[in-house]
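Shown next: data_25.cif, containing mmCIF, C-alpha atoms.
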data_my_file
loop_
_atom_site.group_PDB
_atom_site.id
_atom_site.type_symbol
_atom_site.label_atom_id
_atom_site.label_comp_id
_atom_site.auth_asym_id
_atom_site.auth_seq_id
_atom_site.Cartn_x
_atom_site.Cartn_y
_atom_site.Cartn_z
ATOM 1 C CA MET Z 295 0.535 47.072 32.253
ATOM 2 C CA GLU Z 296 3.820 46.910 34.158
ATOM 3 C CA ILE Z 297 5.799 43.679 34.614
ATOM 4 C CA LEU Z 298 7.743 43.481 37.867
ATOM 5 C CA THR Z 299 9.777 40.816 39.662
ATOM 6 C CA PRO Z 300 9.640 40.434 43.460
ATOM 7 C CA HIS Z 301 12.963 42.304 43.622
ATOM 8 C CA ASP Z 302 11.557 45.127 41.486
ATOM 9 C CA LEU Z 303 8.509 45.415 43.726
ATOM 10 C CA LYS Z 304 10.576 45.544 46.908
ATOM 11 C CA ASP Z 305 12.701 48.327 45.433
ATOM 12 C CA LYS Z 306 9.728 50.292 44.130
ATOM 13 C CA PHE Z 307 7.278 49.909 47.028
ATOM 14 C CA GLN Z 308 8.578 50.375 50.568
ATOM 15 C CA ASP Z 309 5.404 51.875 51.977
ATOM 16 C CA PRO Z 310 4.220 50.995 55.500
ATOM 17 C CA TRP Z 311 0.885 49.815 54.090
ATOM 18 C CA ILE Z 312 2.472 46.893 52.245
ATOM 19 C CA ALA Z 313 2.991 43.557 54.052
ATOM 20 C CA PRO Z 314 4.725 41.017 51.776
ATOM 21 C CA TYR Z 315 3.428 37.460 51.602
ATOM 22 C CA GLN Z 316 6.044 34.899 52.592
ATOM 23 C CA LYS Z 317 5.580 32.298 49.853
ATOM 24 C CA VAL Z 318 3.208 31.329 47.021
ATOM 25 C CA LEU Z 319 3.068 27.837 45.440
ATOM 26 C CA THR Z 320 0.805 26.554 42.665
ATOM 27 C CA MET Z 321 0.217 22.857 41.938
ATOM 28 C CA VAL Z 322 -1.571 21.723 38.782
ATOM 29 C CA ASP Z 323 -3.646 18.621 38.120
ATOM 30 C CA GLY Z 324 -5.631 18.725 34.884
ATOM 31 C CA ASP Z 325 -7.980 21.703 35.040
ATOM 32 C CA GLN Z 326 -7.538 22.138 38.787
ATOM 33 C CA VAL Z 327 -4.920 24.299 40.494
ATOM 34 C CA GLU Z 328 -4.145 24.302 44.208
ATOM 35 C CA ILE Z 329 -2.753 27.633 45.377
ATOM 36 C CA VAL Z 330 -0.871 27.632 48.675
ATOM 37 C CA GLU Z 331 -0.069 31.041 50.132
ATOM 38 C CA TYR Z 332 1.747 31.982 53.335
ATOM 39 C CA HIS Z 333 0.139 35.214 54.499
ATOM 40 C CA PRO Z 334 1.905 37.791 56.712
ATOM 41 C CA CYS Z 335 -1.057 37.963 59.125
ATOM 42 C CA ILE Z 336 -2.066 34.739 60.862
ATOM 43 C CA SER Z 337 -5.762 34.917 61.679
ATOM 44 C CA GLY Z 338 -6.185 38.074 59.638
ATOM 45 C CA SER Z 339 -5.998 36.010 56.476
ATOM 46 C CA GLN Z 340 -9.352 34.380 57.311
ATOM 47 C CA TRP Z 341 -10.950 37.487 55.788
ATOM 48 C CA MET Z 342 -9.388 36.558 52.457
ATOM 49 C CA ILE Z 343 -10.660 32.987 52.671
ATOM 50 C CA TYR Z 344 -14.207 34.228 53.271
ATOM 51 C CA GLN Z 345 -14.130 36.855 50.532
ATOM 52 C CA TYR Z 346 -12.625 34.643 47.834
ATOM 53 C CA GLN Z 347 -15.256 31.935 48.296
ATOM 54 C CA ARG Z 348 -18.061 34.530 48.152
ATOM 55 C CA SER Z 349 -16.743 36.419 45.143
ATOM 56 C CA SER Z 350 -15.210 33.888 42.733
ATOM 57 C CA ASP Z 351 -17.116 30.983 41.231
ATOM 58 C CA ILE Z 352 -13.850 29.402 40.061
ATOM 59 C CA VAL Z 353 -12.760 29.004 43.710
ATOM 60 C CA LEU Z 354 -13.939 25.484 44.558
ATOM 61 C CA LYS Z 355 -12.651 25.348 48.124
ATOM 62 C CA ALA Z 356 -10.676 27.561 50.472
ATOM 63 C CA LYS Z 357 -9.228 26.937 53.915
ATOM 64 C CA ARG Z 358 -6.776 28.425 56.395
ATOM 65 C CA ASP Z 359 -4.313 26.708 58.694
ATOM 66 C CA GLY Z 360 -2.392 29.293 60.680
ATOM 67 C CA ASN Z 361 -0.913 31.749 58.211
ATOM 68 C CA ARG Z 362 -1.180 29.298 55.316
ATOM 69 C CA HIS Z 363 -4.219 29.489 53.124
ATOM 70 C CA THR Z 364 -5.083 27.063 50.378
ATOM 71 C CA PHE Z 365 -7.367 27.706 47.422
ATOM 72 C CA LEU Z 366 -8.553 24.920 45.154
ATOM 73 C CA VAL Z 367 -9.511 26.606 41.887
ATOM 74 C CA LYS Z 368 -10.425 25.590 38.379
ATOM 75 C CA VAL Z 369 -8.833 26.950 35.233
ATOM 76 C CA GLY Z 370 -11.051 29.618 33.683
ATOM 77 C CA LYS Z 371 -12.556 33.046 34.286
ATOM 78 C CA SER Z 372 -14.866 34.491 36.916
ATOM 79 C CA ASN Z 373 -16.937 37.599 36.294
ATOM 80 C CA LEU Z 374 -16.191 39.433 39.520
ATOM 81 C CA SER Z 375 -18.628 42.080 40.631
ATOM 82 C CA LEU Z 376 -16.641 43.760 43.365
ATOM 83 C CA LYS Z 377 -18.591 45.535 46.086
ATOM 84 C CA PRO Z 378 -17.158 47.056 49.278
ATOM 85 C CA SER Z 379 -17.378 44.632 52.215
ATOM 86 C CA LEU Z 380 -19.779 42.247 50.407
ATOM 87 C CA HIS Z 381 -17.529 41.088 47.549
ATOM 88 C CA ALA Z 382 -14.295 42.947 48.155
ATOM 89 C CA ALA Z 383 -11.749 40.553 46.636
ATOM 90 C CA GLY Z 384 -11.488 37.507 44.426
ATOM 91 C CA ILE Z 385 -9.734 35.587 41.676
ATOM 92 C CA GLU Z 386 -10.723 36.740 38.195
ATOM 93 C CA GLU Z 387 -8.867 34.186 36.111
ATOM 94 C CA VAL Z 388 -6.609 31.144 36.337
ATOM 95 C CA SER Z 389 -4.593 29.810 33.408
ATOM 96 C CA VAL Z 390 -1.756 27.347 32.872
ATOM 97 C CA GLU Z 391 0.684 28.227 30.104
ATOM 98 C CA GLY Z 392 3.550 25.789 29.662
ATOM 99 C CA ASP Z 393 5.541 25.680 32.892
ATOM 100 C CA GLU Z 394 3.795 28.732 34.367
ATOM 101 C CA VAL Z 395 0.587 29.321 36.290
ATOM 102 C CA LYS Z 396 -1.093 32.718 36.002
ATOM 103 C CA VAL Z 397 -3.598 33.832 38.623
ATOM 104 C CA VAL Z 398 -5.368 37.181 38.290
ATOM 105 C CA HIS Z 399 -6.256 38.639 41.701
ATOM 106 C CA ALA Z 400 -8.447 41.730 42.116
ATOM 107 C CA GLY Z 401 -9.651 43.596 45.162
ATOM 108 C CA LEU Z 402 -10.873 46.864 46.559
ATOM 109 C CA ALA Z 403 -8.769 49.087 48.827
ATOM 110 C CA GLY Z 404 -6.430 46.957 51.001
ATOM 111 C CA ALA Z 405 -7.490 43.778 49.215
ATOM 112 C CA GLY Z 406 -6.212 45.321 45.995
ATOM 113 C CA VAL Z 407 -2.871 46.057 47.601
ATOM 114 C CA GLY Z 408 -2.724 42.397 48.642
ATOM 115 C CA ALA Z 409 -3.601 41.313 45.114
ATOM 116 C CA ALA Z 410 -0.640 43.087 43.603
ATOM 117 C CA MET Z 411 2.265 44.239 45.741
ATOM 118 C CA CYS Z 412 1.967 41.988 48.801
ATOM 119 C CA ARG Z 413 1.692 38.739 46.847
ATOM 120 C CA GLY Z 414 4.185 39.885 44.261
ATOM 121 C CA MET Z 415 6.983 40.124 46.817
ATOM 122 C CA ALA Z 416 6.619 36.507 47.943
ATOM 123 C CA GLU Z 417 9.115 33.701 47.546
ATOM 124 C CA GLY Z 418 7.999 31.463 44.683
ATOM 125 C CA VAL Z 419 6.655 34.294 42.523
ATOM 126 C CA LYS Z 420 8.405 34.764 39.183
ATOM 127 C CA ARG Z 421 6.794 38.100 38.349
ATOM 128 C CA VAL Z 422 3.586 40.085 38.516
ATOM 129 C CA GLU Z 423 1.799 41.722 35.640
ATOM 130 C CA LEU Z 424 0.533 44.828 37.380
ATOM 131 C CA GLN Z 425 -2.628 46.344 35.940
ATOM 132 C CA ASP Z 426 -3.837 48.542 38.814
ATOM 133 C CA ILE Z 427 -2.019 49.349 42.075
ATOM 134 C CA GLY Z 428 -5.111 49.783 44.248
ATOM 135 C CA GLY Z 429 -5.388 51.173 47.760
ATOM 136 C CA GLY Z 430 -7.845 53.624 49.239
ATOM 137 C CA SER Z 431 -11.074 53.449 47.220
ATOM 138 C CA LYS Z 432 -9.356 52.071 44.117
ATOM 139 C CA VAL Z 433 -9.352 48.571 42.608
ATOM 140 C CA GLY Z 434 -6.058 46.714 42.631
ATOM 141 C CA ARG Z 435 -5.497 44.055 40.005
ATOM 142 C CA ALA Z 436 -2.476 41.937 39.124
ATOM 143 C CA THR Z 437 -1.541 38.645 37.495
ATOM 144 C CA VAL Z 438 0.717 36.632 39.782
ATOM 145 C CA VAL Z 439 2.943 34.295 37.763
ATOM 146 C CA THR Z 440 4.424 31.221 39.478
ATOM 147 C CA PRO Z 441 6.137 28.000 38.354
ATOM 148 C CA ARG Z 442 3.909 25.037 37.623
ATOM 149 C CA LEU Z 443 4.347 22.422 40.356
ATOM 150 C CA GLN Z 444 3.014 18.922 41.025
ATOM 151 C CA LYS Z 445 1.441 17.692 44.259
ATOM 152 C CA VAL Z 446 2.895 14.505 45.735
ATOM 153 C CA VAL Z 447 1.636 12.970 48.983
ATOM 154 C CA ILE Z 448 3.612 10.186 50.677
ATOM 155 C CA GLY Z 449 2.045 7.930 53.290
ATOM 156 C CA ILE Z 450 4.407 6.373 55.856
ATOM 157 C CA ASP Z 451 3.816 3.674 58.472
ATOM 158 C CA ASP Z 452 5.524 1.164 60.728
ATOM 159 C CA THR Z 453 8.843 2.827 61.541
ATOM 160 C CA ASP Z 454 8.958 2.242 65.323
ATOM 161 C CA THR Z 455 8.916 -0.691 67.719
ATOM 162 C CA LYS Z 456 7.203 -1.318 71.056
ATOM 163 C CA GLU Z 457 10.425 -0.293 72.775
ATOM 164 C CA GLU Z 458 11.410 2.905 70.959
ATOM 165 C CA GLY Z 459 10.819 5.289 68.081
ATOM 166 C CA ALA Z 460 7.991 7.502 66.822
ATOM 167 C CA THR Z 461 6.681 7.500 63.264
ATOM 168 C CA TRP Z 462 5.381 11.071 63.348
ATOM 169 C CA THR Z 463 8.726 12.551 64.388
ATOM 170 C CA LEU Z 464 10.766 10.490 61.952
ATOM 171 C CA ALA Z 465 8.403 11.444 59.131
ATOM 172 C CA HIS Z 466 8.653 15.137 59.989
ATOM 173 C CA ASN Z 467 12.431 14.979 60.144
ATOM 174 C CA VAL Z 468 12.415 13.387 56.692
ATOM 175 C CA GLY Z 469 10.357 16.314 55.401
ATOM 176 C CA ALA Z 470 12.599 18.837 57.136
ATOM 177 C CA GLU Z 471 15.724 17.229 55.675
ATOM 178 C CA LEU Z 472 14.216 17.329 52.188
ATOM 179 C CA THR Z 473 13.458 21.034 52.674
ATOM 180 C CA LYS Z 474 17.202 21.582 53.021
ATOM 181 C CA LYS Z 475 17.613 19.888 49.643
ATOM 182 C CA GLY Z 476 15.201 22.294 47.950
ATOM 183 C CA TYR Z 477 11.914 20.390 48.088
ATOM 184 C CA GLN Z 478 8.730 22.181 49.151
ATOM 185 C CA TYR Z 479 7.512 20.331 52.251
ATOM 186 C CA ILE Z 480 3.958 21.642 52.731
ATOM 187 C CA ASP Z 481 2.272 19.553 55.386
ATOM 188 C CA HIS Z 482 2.428 16.686 57.868
ATOM 189 C CA ILE Z 483 -0.811 14.908 58.816
ATOM 190 C CA THR Z 484 -1.154 12.364 61.603
ATOM 191 C CA VAL Z 485 -3.851 9.811 60.800
ATOM 192 C CA GLN Z 486 -5.336 7.748 63.634
ATOM 193 C CA LEU Z 487 -5.925 4.128 62.619
ATOM 194 C CA TYR Z 488 -7.912 1.312 64.245
ATOM 195 C CA PRO Z 489 -7.034 1.491 67.964
ATOM 196 C CA HIS Z 490 -7.672 -2.216 68.625
ATOM 197 C CA ASN Z 491 -5.160 -3.436 66.056
ATOM 198 C CA PRO Z 492 -3.227 -6.210 67.864
ATOM 199 C CA ASN Z 493 -0.162 -5.478 65.718
ATOM 200 C CA LYS Z 494 0.156 -1.821 66.756
ATOM 201 C CA THR Z 495 3.173 -0.526 68.667
ATOM 202 C CA GLN Z 496 1.177 1.914 70.813
ATOM 203 C CA ASN Z 497 -1.052 4.724 69.437
ATOM 204 C CA CYS Z 498 -1.533 3.204 65.967
ATOM 205 C CA VAL Z 499 -1.083 6.193 63.668
ATOM 206 C CA ALA Z 500 0.246 6.636 60.158
ATOM 207 C CA ILE Z 501 1.645 9.814 58.610
ATOM 208 C CA ALA Z 502 1.101 11.639 55.321
ATOM 209 C CA LEU Z 503 3.716 14.111 54.077
ATOM 210 C CA VAL Z 504 2.660 16.615 51.414
ATOM 211 C CA PHE Z 505 5.115 18.061 48.896
ATOM 212 C CA ALA Z 506 5.003 20.417 45.930
ATOM 213 C CA VAL Z 507 7.622 19.382 43.386
ATOM 214 C CA GLU Z 508 8.770 20.457 39.961
ATOM 215 C CA PRO Z 509 7.398 18.316 37.115
ATOM 216 C CA GLY Z 510 9.617 15.288 36.585
ATOM 217 C CA LYS Z 511 11.078 15.393 40.110
ATOM 218 C CA LYS Z 512 8.582 13.013 41.765
ATOM 219 C CA ASP Z 513 10.684 9.869 41.381
ATOM 220 C CA LYS Z 514 13.736 11.594 42.843
ATOM 221 C CA LEU Z 515 11.665 12.791 45.807
ATOM 222 C CA VAL Z 516 10.382 9.269 46.482
ATOM 223 C CA GLN Z 517 13.895 7.867 46.251
ATOM 224 C CA GLU Z 518 15.144 10.442 48.779
ATOM 225 C CA VAL Z 519 12.285 9.598 51.178
ATOM 226 C CA VAL Z 520 13.059 5.887 50.984
ATOM 227 C CA GLU Z 521 16.769 6.460 51.632
ATOM 228 C CA LEU Z 522 16.090 8.666 54.660
ATOM 229 C CA LEU Z 523 13.577 6.191 56.086
ATOM 230 C CA LYS Z 524 16.026 3.320 55.691
ATOM 231 C CA LYS Z 525 18.520 5.280 57.777
ATOM 232 C CA GLY Z 526 16.030 6.207 60.486
ATOM 233 C CA THR Z 527 13.527 3.368 60.823
ATOM 234 C CA LEU Z 528 13.691 0.906 63.692
ATOM 235 C CA SER Z 529 11.228 -1.523 62.132
ATOM 236 C CA ASP Z 530 11.466 -4.307 59.573
ATOM 237 C CA LYS Z 531 7.900 -3.498 58.406
ATOM 238 C CA THR Z 532 8.327 0.064 57.079
ATOM 239 C CA ALA Z 533 6.592 0.961 53.818
ATOM 240 C CA ILE Z 534 5.293 3.994 51.937
ATOM 241 C CA ALA Z 535 2.437 4.824 49.567
ATOM 242 C CA VAL Z 536 2.664 7.566 46.918
ATOM 243 C CA LEU Z 537 -0.259 9.624 45.594
ATOM 244 C CA GLU Z 538 0.198 12.060 42.693
ATOM 245 C CA GLY Z 539 -2.241 14.863 42.039
ATOM 246 C CA ILE Z 540 -4.832 16.869 43.936
ATOM 247 C CA PRO Z 541 -8.092 14.918 44.363
ATOM 248 C CA VAL Z 542 -8.347 11.912 46.673
ATOM 249 C CA PRO Z 543 -10.115 9.075 44.810
ATOM 250 C CA GLU Z 544 -13.375 8.015 46.445
ATOM 251 C CA LYS Z 545 -12.193 4.402 46.852
ATOM 252 C CA LEU Z 546 -9.050 5.613 48.591
ATOM 253 C CA ARG Z 547 -11.064 7.758 50.996
ATOM 254 C CA SER Z 548 -13.319 4.783 51.783
ATOM 255 C CA TYR Z 549 -10.258 2.622 52.429
ATOM 256 C CA GLY Z 550 -8.888 5.233 54.813
ATOM 257 C CA GLU Z 551 -12.165 5.331 56.724
ATOM 258 C CA SER Z 552 -12.217 1.538 56.955
ATOM 259 C CA ALA Z 553 -8.679 1.519 58.336
ATOM 260 C CA LYS Z 554 -9.869 3.721 61.193
ATOM 261 C CA THR Z 555 -12.684 1.352 62.193
ATOM 262 C CA SER Z 556 -11.518 -2.163 61.347
ATOM 263 C CA MET Z 557 -8.645 -4.510 60.622
ATOM 264 C CA LEU Z 558 -7.489 -4.543 56.998
ATOM 265 C CA THR Z 559 -5.113 -6.912 55.263
ATOM 266 C CA LEU Z 560 -2.099 -6.440 53.042
ATOM 267 C CA GLU Z 561 -4.170 -7.880 50.221
ATOM 268 C CA ASP Z 562 -6.818 -5.176 50.792
ATOM 269 C CA ALA Z 563 -4.172 -2.469 50.554
ATOM 270 C CA GLU Z 564 -2.585 -3.839 47.399
ATOM 271 C CA ARG Z 565 -5.956 -4.262 45.693
ATOM 272 C CA VAL Z 566 -7.141 -0.724 46.464
ATOM 273 C CA ALA Z 567 -3.775 0.805 45.561
ATOM 274 C CA GLU Z 568 -3.895 -0.858 42.148
ATOM 275 C CA GLU Z 569 -7.488 0.297 41.572
ATOM 276 C CA VAL Z 570 -6.764 3.940 42.363
ATOM 277 C CA GLY Z 571 -3.289 4.142 40.848
ATOM 278 C CA VAL Z 572 -1.283 4.572 44.041
ATOM 279 C CA GLU Z 573 2.259 3.205 44.214
ATOM 280 C CA LEU Z 574 3.113 1.057 47.242
ATOM 281 C CA MET Z 575 6.774 0.560 48.132
ATOM 282 C CA GLU Z 576 8.543 -1.537 50.732
ATOM 283 C CA VAL Z 577 11.278 0.233 52.653
ATOM 284 C CA THR Z 578 12.155 -2.580 55.044
ATOM 285 C CA GLY Z 579 8.976 -4.664 54.801
ATOM 286 C CA SER Z 580 5.410 -4.904 53.522
ATOM 287 C CA GLN Z 581 3.193 -4.576 56.611
ATOM 288 C CA GLY Z 582 3.442 -0.787 56.613
ATOM 289 C CA LYS Z 583 1.662 -0.575 53.257
ATOM 290 C CA ILE Z 584 -1.711 -0.947 55.024
ATOM 291 C CA GLY Z 585 -1.380 2.168 57.167
ATOM 292 C CA ALA Z 586 0.609 4.169 54.625
ATOM 293 C CA LEU Z 587 -2.212 3.817 52.103
ATOM 294 C CA ALA Z 588 -4.812 4.722 54.739
ATOM 295 C CA ALA Z 589 -2.910 7.944 55.504
ATOM 296 C CA LEU Z 590 -3.341 9.004 51.878
ATOM 297 C CA GLY Z 591 -7.069 8.418 52.072
ATOM 298 C CA MET Z 592 -7.490 10.812 55.000
ATOM 299 C CA TYR Z 593 -4.730 13.395 54.529
ATOM 300 C CA ASP Z 594 -6.955 16.180 53.154
ATOM 301 C CA ASP Z 595 -9.441 16.008 56.043
ATOM 302 C CA ILE Z 596 -7.374 16.619 59.156
ATOM 303 C CA GLU Z 597 -10.380 16.850 61.464
ATOM 304 C CA GLU Z 598 -11.459 13.310 60.578
ATOM 305 C CA ALA Z 599 -7.891 12.056 60.279
ATOM 306 C CA VAL Z 600 -7.182 12.442 63.977
ATOM 307 C CA LYS Z 601 -10.468 11.051 65.329
ATOM 308 C CA VAL Z 602 -10.546 7.775 67.220
ATOM 309 C CA TYR Z 603 -13.342 5.331 66.307
ATOM 310 C CA TYR Z 604 -14.087 2.360 68.568
#
Output the file's structure in the form of structure tokens.
Amino acid sequence: MEILTPHDLKDKFQDPWIAPYQKVLTMVDGDQVEIVEYHPCISGSQWMIYQYQRSSDIVLKAKRDGNRHTFLVKVGKSNLSLKPSLHAAGIEEVSVEGDEVKVVHAGLAGAGVGAAMCRGMAEGVKRVELQDIGGGSKVGRATVVTPRLQKVVIGIDDTDTKEEGATWTLAHNVGAELTKKGYQYIDHITVQLYPHNPNKTQNCVAIALVFAVEPGKKDKLVQEVVELLKKGTLSDKTAIAVLEGIPVPEKLRSYGESAKTSMLTLEDAERVAEEVGVELMEVTGSQGKIGALAALGMYDDIEEAVKVYY
């Protein structure tokens, strides 16, 4: 076995058949790990999504959005039986050791090259433990070691007025500003709420921002979000909701669905937030808590999030 850093790999392998991944992040919640990878090939990475779900029983869910693919996996081992074309690549093992996450990738031919060298050169990777280089008809196998991160999702609502402003743009600019400060801003989801809400400014949407943060940095992240929103909001009703971890509680999902089809009250939001362990915070007021919480309920289902229900 050879242990190599991304810098080592870039020095050692400069072949034209290697395309480095851009970034790899791993977020941990109990025995579940969410792996976010930024692949060098946009639609080409759909092949990896398909293969990993077919080949690894520890891969619970996989999806692609542009060049970003996300794998929800469970800690443990998978007995891969690699076969050309049919089961060409997969995750053999996932473990969490202290502040590190170790993911063993294996694949045939080009998939093996991706398992080792391509991923190993990515931002966010600490090192790879290289067992087999792969390529051609050979198996490639490597353990990709990344820092353990925590998933934090922040719902935001009521930042504009009927005269000016836009919640989705302000929320994105908050995420972009936090990127400059070293936070990993992963996603921005626009969630359509009840269109007949008499209190809406216009389109009636709330926003969820998704971050991967170092353990212990969640409170600082939330504080930074609040400060940036206070500077940018035009409303006296702005509020946020904060969800830690990977799964969306069933009650929170149901609340989000209800907020798309009916009027909900502040009391409804506060009750559900307490039941599911979500923190609600006023920025300039309390009314925004209703939509901010709903955004959390729908953030991991973007197809449903944007739908309008009458």
*Let me know the residues the PyMOL selection byres ((chain Z and resi 554) around 10) catches in the file above, as a list of chain:residue names.*
Z:Val485, Z:Gln486, Z:Leu487, Z:Tyr488, Z:Pro489, Z:His490, Z:Asn491, Z:Cys498, Z:Val499, Z:Tyr549, Z:Gly550, Z:Glu551, Z:Ser552, Z:Ala553, Z:Thr555, Z:Ser556, Z:Met557, Z:Leu558, Z:Gly585, Z:Ala588, Z:Ala589, Z:Met592, Z:Glu598, Z:Ala599, Z:Val600, Z:Lys601, Z:Val602, Z:Tyr603, Z:Tyr604
*Using the chain letters and numbering of this document, enumerate as a ChimeraX atom specification the residues selected by the PyMOL selection byres ((chain Z and resi 348) around 10).*
/Z:342-347,349-351,353,380-384
*Suppose you want the space between CA of Gly579 in chain Z and CA of Ala502 in chain Z; what is it in Å?*
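So the answer is 18.1 Å.
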*On this file, the PyMOL selection byres ((chain Z and resi 442-448) around 6) gives some set of residues; write that set as JSON, numbers by chain.*
{"Z": [320, 321, 322, 393, 394, 395, 441, 449, 502, 503, 504, 505, 506, 507, 508, 509, 535, 536, 537, 538, 539]}
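The interatomic distance for the pair CA of Val327 in chain Z and CA of Lys368 in chain Z works out to 6.0 Å.
Between CA of Gly571 in chain Z and CA of Lys475 in chain Z there is a distance of 27.6 Å.
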